[in-house]
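S.K.: TSV, C-alpha atoms, saved as start-v6.tsv, coming up:
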```
chain	number	residue	atom	x	y	z
A	1	MET	CA	15.53	-11.16	-20.53
A	2	ILE	CA	12.75	-13.74	-20.86
A	3	ASN	CA	13.82	-17.32	-20.25
A	4	LYS	CA	12.92	-19.26	-23.40
A	5	ASN	CA	13.50	-22.69	-21.86
A	6	PRO	CA	10.29	-23.97	-20.20
A	7	ILE	CA	12.20	-26.51	-18.08
A	8	ASN	CA	14.39	-23.77	-16.57
A	9	LEU	CA	11.27	-21.70	-15.86
A	10	LEU	CA	9.61	-24.72	-14.21
A	11	LYS	CA	12.67	-25.40	-12.05
A	12	LYS	CA	12.78	-21.76	-10.98
A	13	GLU	CA	9.11	-21.85	-9.92
A	14	ILE	CA	9.54	-25.16	-8.09
A	15	THR	CA	12.47	-23.68	-6.14
A	16	PHE	CA	10.36	-20.66	-5.18
A	17	PHE	CA	7.43	-22.91	-4.25
A	18	LYS	CA	9.65	-25.00	-1.95
A	19	GLU	CA	10.96	-21.86	-0.24
A	20	VAL	CA	7.42	-20.61	0.48
A	21	ILE	CA	6.36	-24.03	1.82
A	22	LEU	CA	9.40	-24.17	4.11
A	23	ASN	CA	8.64	-20.66	5.40
A	24	PHE	CA	5.03	-21.63	6.01
A	25	GLU	CA	6.08	-24.79	7.83
A	26	ASN	CA	8.99	-23.43	9.87
A	27	LYS	CA	8.31	-19.74	10.43
A	28	SER	CA	4.53	-19.64	10.84
A	29	PRO	CA	3.58	-21.66	13.94
A	30	GLN	CA	0.38	-19.62	14.41
A	31	GLN	CA	-0.71	-20.43	10.86
A	32	LEU	CA	-0.21	-24.13	11.50
A	33	ARG	CA	-2.21	-23.89	14.75
A	34	ASN	CA	-5.01	-22.11	12.88
A	35	TYR	CA	-4.92	-24.81	10.21
A	36	GLN	CA	-5.24	-27.51	12.86
A	37	LYS	CA	-8.23	-25.64	14.33
A	38	LEU	CA	-9.79	-25.49	10.86
A	39	CYS	CA	-9.55	-29.27	10.52
A	40	GLU	CA	-10.78	-30.04	14.03
A	41	TYR	CA	-13.61	-27.48	14.15
A	42	SER	CA	-14.82	-28.42	10.67
A	43	LEU	CA	-14.97	-32.08	11.62
A	44	LYS	CA	-17.00	-31.22	14.74
A	45	ALA	CA	-19.32	-29.00	12.68
A	46	LEU	CA	-19.98	-31.73	10.11
A	47	LYS	CA	-20.71	-34.26	12.86
A	48	LYS	CA	-23.37	-31.83	14.14
A	49	ASN	CA	-24.93	-31.61	10.62
A	50	LYS	CA	-23.47	-28.17	9.94
A	51	LYS	CA	-21.89	-26.95	6.67
A	52	ILE	CA	-18.46	-25.95	5.41
A	53	ILE	CA	-18.96	-22.88	3.20
A	54	PHE	CA	-16.26	-21.73	0.75
A	55	PHE	CA	-16.04	-18.52	-1.27
A	56	GLY	CA	-13.53	-16.52	-3.30
A	57	ASN	CA	-13.08	-14.51	-6.50
A	58	GLY	CA	-11.59	-15.56	-9.84
A	59	GLY	CA	-9.20	-18.49	-9.43
A	60	SER	CA	-10.13	-18.62	-5.75
A	61	ALA	CA	-13.80	-19.02	-6.76
A	62	ALA	CA	-12.80	-22.04	-8.85
A	63	ASP	CA	-10.75	-23.43	-5.94
A	64	SER	CA	-13.75	-22.90	-3.64
A	65	GLN	CA	-15.90	-24.99	-5.97
A	66	HIS	CA	-13.18	-27.62	-6.25
A	67	LEU	CA	-12.84	-28.01	-2.47
A	68	ALA	CA	-16.60	-28.03	-1.82
A	69	THR	CA	-16.93	-30.79	-4.41
A	70	GLU	CA	-14.18	-32.83	-2.73
A	71	LEU	CA	-16.39	-32.81	0.38
A	72	THR	CA	-19.77	-33.46	-1.21
A	73	VAL	CA	-18.62	-36.14	-3.67
A	74	LYS	CA	-15.26	-37.63	-2.68
A	75	TYR	CA	-11.58	-36.88	-2.42
A	76	LYS	CA	-9.83	-40.26	-2.54
A	77	LYS	CA	-12.38	-42.83	-1.42
A	78	LYS	CA	-16.09	-43.54	-1.53
A	79	ARG	CA	-17.79	-42.53	1.71
A	80	LYS	CA	-20.79	-40.56	2.93
A	81	ALA	CA	-21.26	-37.08	1.51
A	82	PHE	CA	-20.20	-34.10	3.61
A	83	ALA	CA	-21.99	-30.73	3.54
A	84	GLY	CA	-19.69	-28.49	1.53
A	85	ILE	CA	-20.95	-25.54	-0.48
A	86	ALA	CA	-19.27	-22.89	-2.64
A	87	LEU	CA	-21.03	-19.52	-2.80
A	88	SER	CA	-19.38	-18.82	-6.16
A	89	THR	CA	-21.57	-21.35	-8.02
A	90	ASP	CA	-24.98	-19.67	-8.04
A	91	VAL	CA	-24.74	-17.31	-11.01
A	92	SER	CA	-28.33	-16.09	-10.57
A	93	ALA	CA	-27.75	-15.12	-6.92
A	94	ILE	CA	-24.40	-13.49	-7.73
A	95	THR	CA	-25.68	-11.43	-10.66
A	96	ALA	CA	-28.94	-10.45	-8.94
A	97	THR	CA	-27.08	-9.34	-5.81
A	98	GLY	CA	-24.45	-7.53	-7.87
A	99	ASN	CA	-27.17	-5.73	-9.82
A	100	ASP	CA	-29.56	-4.96	-6.95
A	101	PHE	CA	-27.18	-4.38	-4.03
A	102	GLY	CA	-23.63	-4.18	-5.39
A	103	PHE	CA	-20.76	-6.60	-6.06
A	104	LYS	CA	-19.39	-6.30	-2.54
A	105	TYR	CA	-22.49	-8.13	-1.22
A	106	ILE	CA	-22.49	-11.16	-3.58
A	107	PHE	CA	-21.34	-13.55	-0.83
A	108	SER	CA	-22.72	-11.86	2.28
A	109	ARG	CA	-26.27	-11.91	0.89
A	110	GLN	CA	-26.06	-15.66	0.24
A	111	LEU	CA	-24.45	-16.27	3.62
A	112	GLU	CA	-27.23	-14.28	5.29
A	113	ALA	CA	-29.72	-16.69	3.71
A	114	LEU	CA	-27.84	-20.00	3.92
A	115	GLY	CA	-25.40	-19.74	6.82
A	116	ASN	CA	-26.26	-20.91	10.32
A	117	SER	CA	-24.62	-20.74	13.71
A	118	GLY	CA	-22.12	-23.58	13.97
A	119	ASP	CA	-21.23	-23.60	10.27
A	120	VAL	CA	-17.65	-22.94	9.17
A	121	VAL	CA	-16.69	-20.49	6.42
A	122	ILE	CA	-13.43	-20.48	4.50
A	123	ALA	CA	-12.65	-17.41	2.40
A	124	LEU	CA	-10.01	-18.01	-0.27
A	125	THR	CA	-8.00	-15.05	-1.53
A	126	THR	CA	-4.55	-14.09	-2.71
A	127	SER	CA	-4.71	-10.41	-1.71
A	128	GLY	CA	-6.93	-10.49	1.37
A	129	ASN	CA	-8.46	-7.17	0.27
A	130	SER	CA	-11.66	-8.13	-1.57
A	131	GLU	CA	-14.62	-6.22	-0.16
A	132	ASN	CA	-17.05	-9.05	-0.89
A	133	LEU	CA	-15.02	-11.45	1.28
A	134	ILE	CA	-14.84	-8.90	4.09
A	135	GLU	CA	-18.61	-8.30	3.96
A	136	ALA	CA	-19.27	-12.05	4.02
A	137	CYS	CA	-17.04	-12.51	7.07
A	138	LYS	CA	-18.83	-9.63	8.83
A	139	ILE	CA	-22.14	-11.46	8.32
A	140	ALA	CA	-20.58	-14.75	9.42
A	141	ASN	CA	-19.35	-13.16	12.64
A	142	LYS	CA	-22.82	-11.71	13.33
A	143	LYS	CA	-24.37	-15.16	12.79
A	144	ASN	CA	-21.86	-16.97	15.01
A	145	ILE	CA	-20.34	-18.80	12.04
A	146	LEU	CA	-16.69	-19.71	12.57
A	147	THR	CA	-14.45	-17.80	10.15
A	148	PHE	CA	-11.23	-18.96	8.48
A	149	CYS	CA	-9.35	-17.76	5.43
A	150	PHE	CA	-6.55	-18.89	3.16
A	151	SER	CA	-4.76	-15.70	2.13
A	152	GLY	CA	-1.49	-14.31	0.84
A	153	ASN	CA	-0.34	-10.69	1.18
A	154	LYS	CA	0.06	-10.93	4.99
A	155	GLY	CA	-3.69	-11.51	5.19
A	156	GLY	CA	-4.61	-8.11	3.78
A	157	LYS	CA	-7.58	-6.29	5.32
A	158	LEU	CA	-9.55	-9.54	5.61
A	159	LYS	CA	-7.52	-10.89	8.53
A	160	LYS	CA	-9.20	-8.37	10.86
A	161	TYR	CA	-12.57	-10.00	10.19
A	162	VAL	CA	-11.49	-13.64	10.39
A	163	LYS	CA	-11.07	-15.47	13.67
A	164	TYR	CA	-8.45	-17.89	12.35
A	165	PRO	CA	-6.50	-16.57	9.33
A	166	ILE	CA	-4.20	-19.01	7.55
A	167	ILE	CA	-1.70	-16.84	5.73
A	168	ILE	CA	0.65	-18.06	3.00
A	169	PRO	CA	3.97	-16.17	3.31
A	170	SER	CA	4.08	-14.89	-0.26
A	171	ASN	CA	2.86	-12.11	-2.57
A	172	ASN	CA	3.13	-14.29	-5.70
A	173	THR	CA	-0.45	-14.96	-6.79
A	174	ALA	CA	0.31	-18.21	-8.62
A	175	ILE	CA	2.29	-19.66	-5.70
A	176	ILE	CA	-0.40	-18.63	-3.18
A	177	GLN	CA	-3.11	-20.31	-5.25
A	178	VAL	CA	-1.17	-23.56	-5.60
A	179	ILE	CA	-0.47	-23.72	-1.86
A	180	GLU	CA	-4.05	-22.81	-0.94
A	181	LEU	CA	-5.37	-25.62	-3.12
A	182	MET	CA	-2.83	-28.03	-1.65
A	183	ILE	CA	-3.69	-27.23	1.98
A	184	GLY	CA	-7.37	-27.30	1.00
A	185	GLN	CA	-6.99	-30.81	-0.36
A	186	VAL	CA	-5.12	-31.94	2.76
A	187	PHE	CA	-8.04	-30.50	4.74
A	188	CYS	CA	-10.46	-32.57	2.60
A	189	GLU	CA	-8.38	-35.70	3.16
A	190	TYR	CA	-8.45	-35.13	6.92
A	191	ILE	CA	-12.25	-34.76	6.86
A	192	GLU	CA	-12.62	-37.81	4.63
A	193	ASN	CA	-10.48	-39.98	6.90
A	194	HIS	CA	-12.06	-38.88	10.20
A	195	GLY	CA	-15.63	-37.92	9.34
```
Write the structure described by the file as structure tokens, please.
M.R.:
Amino acid sequence: MINKNPINLLKKEITFFKEVILNFENKSPQQLRNYQKLCEYSLKALKKNKKIIFFGNGGSAADSQHLATELTVKYKKKRKAFAGIALSTDVSAITATGNDFGFKYIFSRQLEALGNSGDVVIALTTSGNSENLIEACKIANKKNILTFCFSGNKGGKLKKYVKYPIIIPSNNTAIIQVIELMIGQVFCEYIENHG
């Protein structure tokens, strides 16, 4: 039976969200270590004039743009701009690559052109199984670009191609996306306060 009361539905989702956060915090020490490495390595990269490169599909594409903008413009305070880029923003590159090479290469082709050794990439996904994220991480690894991901679904197939996966302990797409954006914004705050 569908719950007709929106407040009850909201409370149910908040309870589930809290449970996932507690699992992430208490039962995933490796994920927290990988997250700390993301913050520290990204800060070092930016201080060496390198870039933080985000990419994802659908809602994760929007979150990639959101987080890149937090770096280039500001998160909470006015400060110097940081080099953040989202590969999901260039519609011409995406559609040309999709048409000429195939959808699975829409990010790897851009990364081949724009990524440099010492940059950091962050793939955002809920499933961890998108071929275009896997192909991009393959290119990043070849170019000595440090690879991270925010993923649900136990990391999916992507975790094999990422040096430091950060896996949200859930299969609920909406919950994964909310937590990924939250940890992404904490990441941006760390960079803003220490960069």
S.K.: Of the candidates A:Gly115, A:Gly184, A:Gly155, A:Gly128, which shows the shortest atom-to-atom distance to A:Lys142, using all atoms listed in the file?
M.R.: A:Gly115
S.K.: Ranking A:Lys18, A:Lys143, A:Asn57, A:Ala96 by minimum distance to A:Ala113 and counting only C-alpha atoms, which one comes first?
M.R.: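 Comparing A:Lys18, A:Lys143, A:Asn57, A:Ala96 against A:Ala113, the winner is A:Lys143.
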S.K.: Please determine, counting all atoms listed in the file, which residue among A:Tyr75, A:Phe55, A:Phe16, A:Tyr41 has the shortest atom-to-atom distance to A:Glu189.
M.R.: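 Among the listed residues, A:Tyr75 lies closest to A:Glu189.
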S.K.: Could you check which of A:Leu114, A:Leu87, A:Ile145, A:Leu71 is closest to A:Tyr164, using only C-alpha atoms?
M.R.: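 Closest candidate: A:Ile145.
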S.K.: Need the axis-aligned box for stretch 52-57 of chain A with 6 Å each side, so what are the centre and edges in Å to one decimal, as JSON?
M.R.:
```
{"center_x": -16.0, "center_y": -20.2, "center_z": -0.5, "size_x": 17.9, "size_y": 23.4, "size_z": 23.9}
```
S.K.: Pick from A:Met182, A:Ile94, A:Leu111, A:Leu38: nearest to A:Cys149, with all atoms listed in the file counted?
M.R.: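 Selected residue with least distance to A:Cys149: A:Leu38.
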S.K.: Would you mind listing what lies within 12 Å of A:Thr95 as a PDB file with C-alpha atoms, in the coordinates of the input, with only C-alpha atoms counted and same-chain residues fewer than 6 positions away left out?
M.R.:
```
ATOM      1  CA  SER A  88     -19.380 -18.820  -6.160  1.00  0.00           C
ATOM      2  CA  THR A  89     -21.570 -21.350  -8.020  1.00  0.00           C
ATOM      3  CA  PHE A 101     -27.180  -4.380  -4.030  1.00  0.00           C
ATOM      4  CA  GLY A 102     -23.630  -4.180  -5.390  1.00  0.00           C
ATOM      5  CA  PHE A 103     -20.760  -6.600  -6.060  1.00  0.00           C
ATOM      6  CA  LYS A 104     -19.390  -6.300  -2.540  1.00  0.00           C
ATOM      7  CA  TYR A 105     -22.490  -8.130  -1.220  1.00  0.00           C
ATOM      8  CA  ILE A 106     -22.490 -11.160  -3.580  1.00  0.00           C
ATOM      9  CA  PHE A 107     -21.340 -13.550  -0.830  1.00  0.00           C
ATOM     10  CA  ARG A 109     -26.270 -11.910   0.890  1.00  0.00           C
ATOM     11  CA  GLN A 110     -26.060 -15.660   0.240  1.00  0.00           C
TER      12      GLN A 110
END
```
S.K.: Show me, as a ChimeraX atom specification, the residues that have an atom within 10 Å of A:Lys47 when counting only C-alpha atoms, minus same-chain residues fewer than 5 positions from it.
M.R.: /A:41-42,82,195
S.K.: Given the point (8.1, -21.4, -7.0) in the coordinates of this file, which residues lie within 12 Å, counting all atoms listed in the file, and how would they look as a PyMOL selection string?
M.R.: chain A and resi 8-22+170-179
S.K.: Would you mind listing what lies within 12 Å of A:Glu70 as a PyMOL selection string, with only C-alpha atoms counted and same-chain residues fewer than 2 positions away left out?
M.R.: chain A and resi 52+54+63-68+72-86+181+184-192
S.K.: Could those residues be written to a file, using C-alpha atoms, as an mmCIF file, in the frame of the given file?
M.R.:
```cif
data_model
loop_
_atom_site.group_PDB
_atom_site.id
_atom_site.type_symbol
_atom_site.label_atom_id
_atom_site.label_comp_id
_atom_site.auth_asym_id
_atom_site.auth_seq_id
_atom_site.Cartn_x
_atom_site.Cartn_y
_atom_site.Cartn_z
ATOM 1 C CA ILE A 52 -18.460 -25.950 5.410
ATOM 2 C CA PHE A 54 -16.260 -21.730 0.750
ATOM 3 C CA ASP A 63 -10.750 -23.430 -5.940
ATOM 4 C CA SER A 64 -13.750 -22.900 -3.640
ATOM 5 C CA GLN A 65 -15.900 -24.990 -5.970
ATOM 6 C CA HIS A 66 -13.180 -27.620 -6.250
ATOM 7 C CA LEU A 67 -12.840 -28.010 -2.470
ATOM 8 C CA ALA A 68 -16.600 -28.030 -1.820
ATOM 9 C CA THR A 72 -19.770 -33.460 -1.210
ATOM 10 C CA VAL A 73 -18.620 -36.140 -3.670
ATOM 11 C CA LYS A 74 -15.260 -37.630 -2.680
ATOM 12 C CA TYR A 75 -11.580 -36.880 -2.420
ATOM 13 C CA LYS A 76 -9.830 -40.260 -2.540
ATOM 14 C CA LYS A 77 -12.380 -42.830 -1.420
ATOM 15 C CA LYS A 78 -16.090 -43.540 -1.530
ATOM 16 C CA ARG A 79 -17.790 -42.530 1.710
ATOM 17 C CA LYS A 80 -20.790 -40.560 2.930
ATOM 18 C CA ALA A 81 -21.260 -37.080 1.510
ATOM 19 C CA PHE A 82 -20.200 -34.100 3.610
ATOM 20 C CA ALA A 83 -21.990 -30.730 3.540
ATOM 21 C CA GLY A 84 -19.690 -28.490 1.530
ATOM 22 C CA ILE A 85 -20.950 -25.540 -0.480
ATOM 23 C CA ALA A 86 -19.270 -22.890 -2.640
ATOM 24 C CA LEU A 181 -5.370 -25.620 -3.120
ATOM 25 C CA GLY A 184 -7.370 -27.300 1.000
ATOM 26 C CA GLN A 185 -6.990 -30.810 -0.360
ATOM 27 C CA VAL A 186 -5.120 -31.940 2.760
ATOM 28 C CA PHE A 187 -8.040 -30.500 4.740
ATOM 29 C CA CYS A 188 -10.460 -32.570 2.600
ATOM 30 C CA GLU A 189 -8.380 -35.700 3.160
ATOM 31 C CA TYR A 190 -8.450 -35.130 6.920
ATOM 32 C CA ILE A 191 -12.250 -34.760 6.860
ATOM 33 C CA GLU A 192 -12.620 -37.810 4.630
#
```
S.K.: Would you compute the distance between atom CA of A:Asn153 and atom CA of A:Ala45? Give it in Å to one decimal.
M.R.: 28.8 Å
S.K.: Using all atoms listed in the file, which of the listed residues (A:Ala93, A:Leu124, A:Ile53, A:Ile7) sits closest to A:Leu158?
M.R.: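 That would be A:Leu124, the residue with the smallest distance to A:Leu158.
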S.K.: As an exercise, work out the distance from atom CA of A:Leu46 to atom CA of A:Asn141 in Å and give it to one decimal place.
M.R.: 18.8 Å
S.K.: Identify the residues within 9 Å of coordinate (-9.8, -20.4, 9.3) (same frame as the file), considering all atoms listed in the file, and give the answer as a ChimeraX atom specification.
M.R.: /A:34-35,37-39,120-123,146-150,162-166
S.K.: So what do you get for atom CA of A:Ser151 versus atom CA of A:Ser117, distance-wise?
M.R.: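 Rounded to one decimal, the two atoms are 23.5 Å apart.
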S.K.: Taking the block above, write stretch 29-42 of chain A with C-alpha atoms as a tab-separated table (two decimals), in the first residue's frame.
M.R.:
```tsv
chain	number	residue	atom	x	y	z
A	29	PRO	CA	37.16	2.17	7.42
A	30	GLN	CA	38.77	1.64	3.99
A	31	GLN	CA	36.23	3.98	2.39
A	32	LEU	CA	37.06	6.67	4.94
A	33	ARG	CA	40.80	6.20	4.30
A	34	ASN	CA	40.19	6.51	0.55
A	35	TYR	CA	38.15	9.65	1.16
A	36	GLN	CA	40.98	11.16	3.19
A	37	LYS	CA	43.38	10.35	0.35
A	38	LEU	CA	41.02	12.05	-2.09
A	39	CYS	CA	41.09	15.24	-0.04
A	40	GLU	CA	44.84	15.22	0.55
A	41	TYR	CA	45.91	14.21	-2.98
A	42	SER	CA	43.50	16.69	-4.58
```
